[in-house]
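The structure appears below as structure tokens.
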Amino acid sequence: MLKSIKTSVVALILVSSAVIAHAQKKIAEGTITYGLAYKLTEEQKAAMGGQEPPAELKVKFNNGLTKIEMEQGPALIGIVSDNNERTGLLLIDVPVAQKQFAVKQTKADIEKAMGAIPKYSDFKATGEKQTIGGFSAEKYSYKDDKGAMLELWATKDVELPNVGSQNYFPGLAAFPVKYTLVQRGVETTTTLKSVVEGKVGAISKEVPTGYEVVTMEDLAKMQGGGE
């Protein structure tokens, strides 16, 4: 029934969304748009069964809550994150099958996902600049916890002190606007497209009526055990 909904993609997005937008202290309500580019191995492409992961994410935020909505195959997917309590909720609606599922993400789940991300340090501005997402950005070099040298782009033109992407890069002292991370074995480059302040409406973290609460493992079993 859920063969066309790849939990590998869903899990990847859950990890990303858990920390991707957290902009409530300076901008109370609005939408952040990110572009996503993936470097997939042939094995990863085969595991996705021909599906393409999303090339863009729109993240709505309102007073500590964020929500991402997307389509994947026959399913409508919603990802709600409570950035104050560090919990999340995945909603999957499959109209053709008349099925609706909800997966709750606990604080421990989020911490486990974050714990798999390398620790970065030694951030140094290079002086090289360009405009990204409408902001003047500068290239920074930094190291991972294995000593490898890496690069990212960040800006000081916008102050979003609680934006979650900064949790990836503590000590950067700037807002990351383009960076590459490897999560669940998938290399993804995230690029800020825009930050727009404006009303997005209330975001609920409650499981809607009619949704069956399941686990990620349950979803994998529905797919025949594949992730």
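Ordering of the structure tokens sets the chain letters (A, B, ...), residue numbers begin anew at 1 in every chain, and ligands are numbered from 1 in the order given.
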Per residue of region 116-141 of chain A within 9 Å of region 166-183 of chain A, record the nearest atom pair and its distance in Å to one decimal, counting only C-alpha atoms, with rows in chain order and ascending residue number, as a tab-separated table.
```
residue	atom	partner	partner_atom	distance
A:Ala116	CA	A:Gln183	CA	7.8
A:Ile117	CA	A:Gln183	CA	7.1
A:Pro118	CA	A:Tyr168	CA	8.4
A:Lys119	CA	A:Tyr168	CA	7.7
A:Tyr120	CA	A:Phe169	CA	6.1
A:Ser121	CA	A:Gly171	CA	7.1
A:Asp122	CA	A:Gly171	CA	8.2
A:Phe123	CA	A:Leu172	CA	5.9
A:Lys124	CA	A:Leu172	CA	8.4
A:Ile132	CA	A:Val177	CA	6.7
A:Gly133	CA	A:Val177	CA	7.3
A:Phe135	CA	A:Val177	CA	8.7
A:Ala137	CA	A:Val177	CA	7.5
A:Tyr140	CA	A:Leu172	CA	8.7
```
For the residues in that selection, give me C-alpha atoms as a JSON list (two decimals), in the first residue's frame.
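Final output, out18.json:
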```json
[["chain", "number", "residue", "atom", "x", "y", "z"],
["A", 116, "ALA", "CA", 24.37, 11.55, 14.32],
["A", 117, "ILE", "CA", 25.50, 14.87, 12.85],
["A", 118, "PRO", "CA", 29.26, 15.57, 13.11],
["A", 119, "LYS", "CA", 30.54, 18.33, 15.40],
["A", 120, "TYR", "CA", 32.00, 21.33, 13.58],
["A", 121, "SER", "CA", 34.51, 23.96, 14.75],
["A", 122, "ASP", "CA", 37.22, 26.47, 13.77],
["A", 123, "PHE", "CA", 34.99, 28.73, 11.64],
["A", 124, "LYS", "CA", 36.97, 31.32, 9.69],
["A", 132, "ILE", "CA", 22.32, 34.29, -1.48],
["A", 133, "GLY", "CA", 18.61, 34.39, -0.70],
["A", 135, "PHE", "CA", 21.35, 38.59, 1.63],
["A", 137, "ALA", "CA", 26.82, 36.20, 2.30],
["A", 140, "TYR", "CA", 33.54, 30.40, 5.81]]
```
Selection near Ile79 (chain A), 7 Å with only C-alpha atoms, sequence-local residues under 6 positions removed, as a PyMOL selection string: chain A and resi 67-69+89-91
Mind checking which residues fall within 12 Å of Glu128 (chain A), counting only C-alpha atoms, ignoring those fewer than 4 positions away in the same chain, and posting them as a PDB file with C-alpha atoms, in the first residue's frame?
```
ATOM      1  CA  LYS A 124      36.971  31.325   9.686  1.00  0.00           C
ATOM      2  CA  SER A 136      25.039  39.434   1.366  1.00  0.00           C
ATOM      3  CA  ALA A 137      26.817  36.198   2.297  1.00  0.00           C
ATOM      4  CA  GLU A 138      30.438  35.348   3.046  1.00  0.00           C
ATOM      5  CA  LYS A 139      32.234  32.027   2.630  1.00  0.00           C
ATOM      6  CA  TYR A 140      33.541  30.397   5.808  1.00  0.00           C
ATOM      7  CA  SER A 141      35.945  27.499   6.206  1.00  0.00           C
ATOM      8  CA  GLU A 151      33.127  25.349   3.516  1.00  0.00           C
ATOM      9  CA  LEU A 152      29.778  27.062   3.918  1.00  0.00           C
ATOM     10  CA  TRP A 153      28.169  30.437   3.212  1.00  0.00           C
ATOM     11  CA  ALA A 154      26.595  32.568   5.935  1.00  0.00           C
ATOM     12  CA  THR A 155      25.259  36.086   6.390  1.00  0.00           C
TER      13      THR A 155
END
```
For Met222 (chain A), the nearest of the candidates A:Val80, A:Tyr142, A:Phe101, A:Ala148, counting only C-alpha atoms: A:Phe101
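Residues in contact with Val94 (chain A) at up to 8 Å, not including ones fewer than 4 positions away on its chain and judged by only C-alpha atoms, are Pro74, Ala75, Leu76, Gln98, Lys99 and Gln100 of chain A.
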With C-alpha atoms retained, could you export that selection as a short mmCIF file (atom, residue, chain, number, x, y, z; two decimals), in the first residue's frame?
```
data_model
loop_
_atom_site.label_atom_id
_atom_site.label_comp_id
_atom_site.auth_asym_id
_atom_site.auth_seq_id
_atom_site.Cartn_x
_atom_site.Cartn_y
_atom_site.Cartn_z
CA PRO A 74 0.22 9.43 -3.96
CA ALA A 75 0.73 10.83 -0.47
CA LEU A 76 0.35 14.27 1.05
CA GLN A 98 -8.31 6.39 2.21
CA LYS A 99 -5.60 6.03 4.84
CA GLN A 100 -4.12 8.62 7.19
#
```
Long-range neighbours of Thr106 (chain A) as a PyMOL selection string, 10 Å cut-off, only C-alpha atoms, 5 positions minimum in chain: chain A and resi 85-89+111-112
Separation of CA of Phe61 (chain A) from CA of Ser194 (chain A) in Å: 13.4 Å
Every residue of region 81-202 of chain A that DSSP places in alpha helix (DSSP H), as a PyMOL selection string: chain A and resi 107-115
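When CA of Gly147 (chain A) is paired with CA of Lys39 (chain A), their separation reads 21.9 Å.
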Which residue of A:Thr131, A:Val214, A:Glu197, A:Ser81 approaches Gly30 (chain A) most closely, using only C-alpha atoms: A:Glu197
Backbone DSSP call of strand (DSSP E or B) for region 85-180 of chain A, listed as a PyMOL selection string: chain A and resi 87-94+99-105+121-132+135-143+149-155+175-180
Mind dumping the selected residues with N, CA and C atoms as a tab-separated table (two decimals), in the first residue's frame?
```tsv
chain	number	residue	atom	x	y	z
A	87	THR	N	10.10	18.58	19.75
A	87	THR	CA	9.35	17.39	19.36
A	87	THR	C	8.80	17.61	17.95
A	88	GLY	N	8.26	16.56	17.35
A	88	GLY	CA	7.76	16.67	15.99
A	88	GLY	C	6.60	15.74	15.72
A	89	LEU	N	5.97	15.95	14.57
A	89	LEU	CA	4.83	15.14	14.16
A	89	LEU	C	4.84	15.01	12.64
A	90	LEU	N	4.83	13.77	12.15
A	90	LEU	CA	4.76	13.50	10.72
A	90	LEU	C	3.35	13.04	10.38
A	91	LEU	N	2.74	13.68	9.39
A	91	LEU	CA	1.38	13.33	8.96
A	91	LEU	C	1.42	12.85	7.52
A	92	ILE	N	0.86	11.67	7.26
A	92	ILE	CA	0.82	11.11	5.92
A	92	ILE	C	-0.63	10.83	5.55
A	93	ASP	N	-1.11	11.43	4.47
A	93	ASP	CA	-2.47	11.25	3.99
A	93	ASP	C	-2.39	10.61	2.60
A	94	VAL	N	-2.99	9.43	2.45
A	94	VAL	CA	-3.00	8.72	1.17
A	94	VAL	C	-4.45	8.65	0.68
A	99	LYS	N	-6.34	6.30	3.63
A	99	LYS	CA	-5.60	6.03	4.84
A	99	LYS	C	-4.88	7.30	5.29
A	100	GLN	N	-4.82	7.48	6.61
A	100	GLN	CA	-4.12	8.62	7.19
A	100	GLN	C	-3.30	8.14	8.39
A	101	PHE	N	-2.01	8.47	8.39
A	101	PHE	CA	-1.12	8.00	9.44
A	101	PHE	C	-0.39	9.18	10.09
A	102	ALA	N	-0.10	9.04	11.37
A	102	ALA	CA	0.66	10.05	12.11
A	102	ALA	C	1.81	9.37	12.84
A	103	VAL	N	3.01	9.97	12.75
A	103	VAL	CA	4.19	9.47	13.47
A	103	VAL	C	4.65	10.57	14.42
A	104	LYS	N	4.66	10.28	15.72
A	104	LYS	CA	5.11	11.26	16.70
A	104	LYS	C	6.62	11.17	16.87
A	105	GLN	N	7.29	12.32	16.89
A	105	GLN	CA	8.73	12.39	17.13
A	105	GLN	C	8.95	12.98	18.52
A	121	SER	N	33.79	22.93	13.98
A	121	SER	CA	34.51	23.96	14.75
A	121	SER	C	35.45	24.74	13.85
A	122	ASP	N	36.16	25.70	14.45
A	122	ASP	CA	37.22	26.47	13.77
A	122	ASP	C	36.69	27.23	12.55
A	123	PHE	N	35.59	27.96	12.74
A	123	PHE	CA	34.99	28.73	11.64
A	123	PHE	C	35.83	29.97	11.35
A	124	LYS	N	36.17	30.17	10.08
A	124	LYS	CA	36.97	31.32	9.69
A	124	LYS	C	36.41	31.95	8.41
A	125	ALA	N	36.13	33.26	8.47
A	125	ALA	CA	35.65	33.97	7.29
A	125	ALA	C	36.78	34.08	6.27
A	126	THR	N	36.43	33.87	4.99
A	126	THR	CA	37.46	33.89	3.93
A	126	THR	C	37.54	35.21	3.20
A	127	GLY	N	36.51	36.06	3.35
A	127	GLY	CA	36.49	37.32	2.62
A	127	GLY	C	35.78	37.24	1.28
A	128	GLU	N	35.53	36.02	0.79
A	128	GLU	CA	34.81	35.84	-0.48
A	128	GLU	C	33.32	36.04	-0.23
A	129	LYS	N	32.66	36.86	-1.07
A	129	LYS	CA	31.26	37.18	-0.83
A	129	LYS	C	30.41	37.02	-2.09
A	130	GLN	N	29.12	36.74	-1.86
A	130	GLN	CA	28.12	36.72	-2.92
A	130	GLN	C	26.75	36.89	-2.29
A	131	THR	N	25.73	37.15	-3.09
A	131	THR	CA	24.37	37.31	-2.60
A	131	THR	C	23.64	35.98	-2.68
A	132	ILE	N	23.07	35.54	-1.55
A	132	ILE	CA	22.32	34.29	-1.48
A	132	ILE	C	21.02	34.55	-0.74
A	135	PHE	N	20.47	38.05	0.60
A	135	PHE	CA	21.35	38.59	1.63
A	135	PHE	C	22.80	38.52	1.17
A	136	SER	N	23.61	39.47	1.63
A	136	SER	CA	25.04	39.43	1.37
A	136	SER	C	25.66	38.34	2.23
A	137	ALA	N	26.27	37.34	1.58
A	137	ALA	CA	26.82	36.20	2.30
A	137	ALA	C	28.33	36.12	2.10
A	138	GLU	N	29.00	35.54	3.10
A	138	GLU	CA	30.44	35.35	3.05
A	138	GLU	C	30.76	33.87	3.21
A	139	LYS	N	31.80	33.42	2.51
A	139	LYS	CA	32.23	32.03	2.63
A	139	LYS	C	33.07	31.84	3.89
A	140	TYR	N	32.79	30.76	4.61
A	140	TYR	CA	33.54	30.40	5.81
A	140	TYR	C	34.16	29.01	5.62
A	141	SER	N	35.35	28.83	6.13
A	141	SER	CA	35.95	27.50	6.21
A	141	SER	C	35.76	26.97	7.63
A	142	TYR	N	35.70	25.65	7.77
A	142	TYR	CA	35.57	25.07	9.10
A	142	TYR	C	36.00	23.61	9.04
A	143	LYS	N	36.08	22.97	10.21
A	143	LYS	CA	36.52	21.58	10.30
A	143	LYS	C	35.41	20.72	10.91
A	149	MET	N	38.55	19.63	6.25
A	149	MET	CA	38.22	21.03	6.01
A	149	MET	C	36.99	21.13	5.12
A	150	LEU	N	36.06	21.99	5.51
A	150	LEU	CA	34.80	22.16	4.78
A	150	LEU	C	34.53	23.65	4.58
A	151	GLU	N	33.49	23.95	3.77
A	151	GLU	CA	33.13	25.35	3.52
A	151	GLU	C	31.61	25.51	3.57
A	152	LEU	N	31.19	26.69	3.97
A	152	LEU	CA	29.78	27.06	3.92
A	152	LEU	C	29.67	28.56	3.68
A	153	TRP	N	28.45	29.01	3.38
A	153	TRP	CA	28.17	30.44	3.21
A	153	TRP	C	27.21	30.87	4.32
A	154	ALA	N	27.44	32.06	4.86
A	154	ALA	CA	26.59	32.57	5.94
A	154	ALA	C	26.50	34.08	5.83
A	155	THR	N	25.47	34.64	6.44
A	155	THR	CA	25.26	36.09	6.39
A	155	THR	C	25.08	36.66	7.79
A	175	PHE	N	24.30	33.54	10.21
A	175	PHE	CA	23.19	32.70	9.80
A	175	PHE	C	23.56	31.91	8.55
A	176	PRO	N	23.60	30.57	8.60
A	176	PRO	CA	23.98	29.77	7.44
A	176	PRO	C	22.95	29.90	6.31
A	177	VAL	N	23.42	30.19	5.10
A	177	VAL	CA	22.52	30.32	3.96
A	177	VAL	C	22.81	29.29	2.86
A	178	LYS	N	23.95	28.62	2.94
A	178	LYS	CA	24.25	27.53	2.01
A	178	LYS	C	25.26	26.60	2.67
A	179	TYR	N	24.88	25.33	2.81
A	179	TYR	CA	25.76	24.38	3.47
A	179	TYR	C	25.43	22.97	3.01
A	180	THR	N	26.40	22.08	3.16
A	180	THR	CA	26.24	20.68	2.75
A	180	THR	C	26.41	19.78	3.95
```
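If you count only C-alpha atoms and ignore residues fewer than 5 places along the chain from Gly134 (chain A), what sits within 9 Å of it is Leu192, Lys193, Ser194 and Val195 of chain A.
One finds CA of Thr33 (chain A) at 21.0 Å from CA of Lys205 (chain A).
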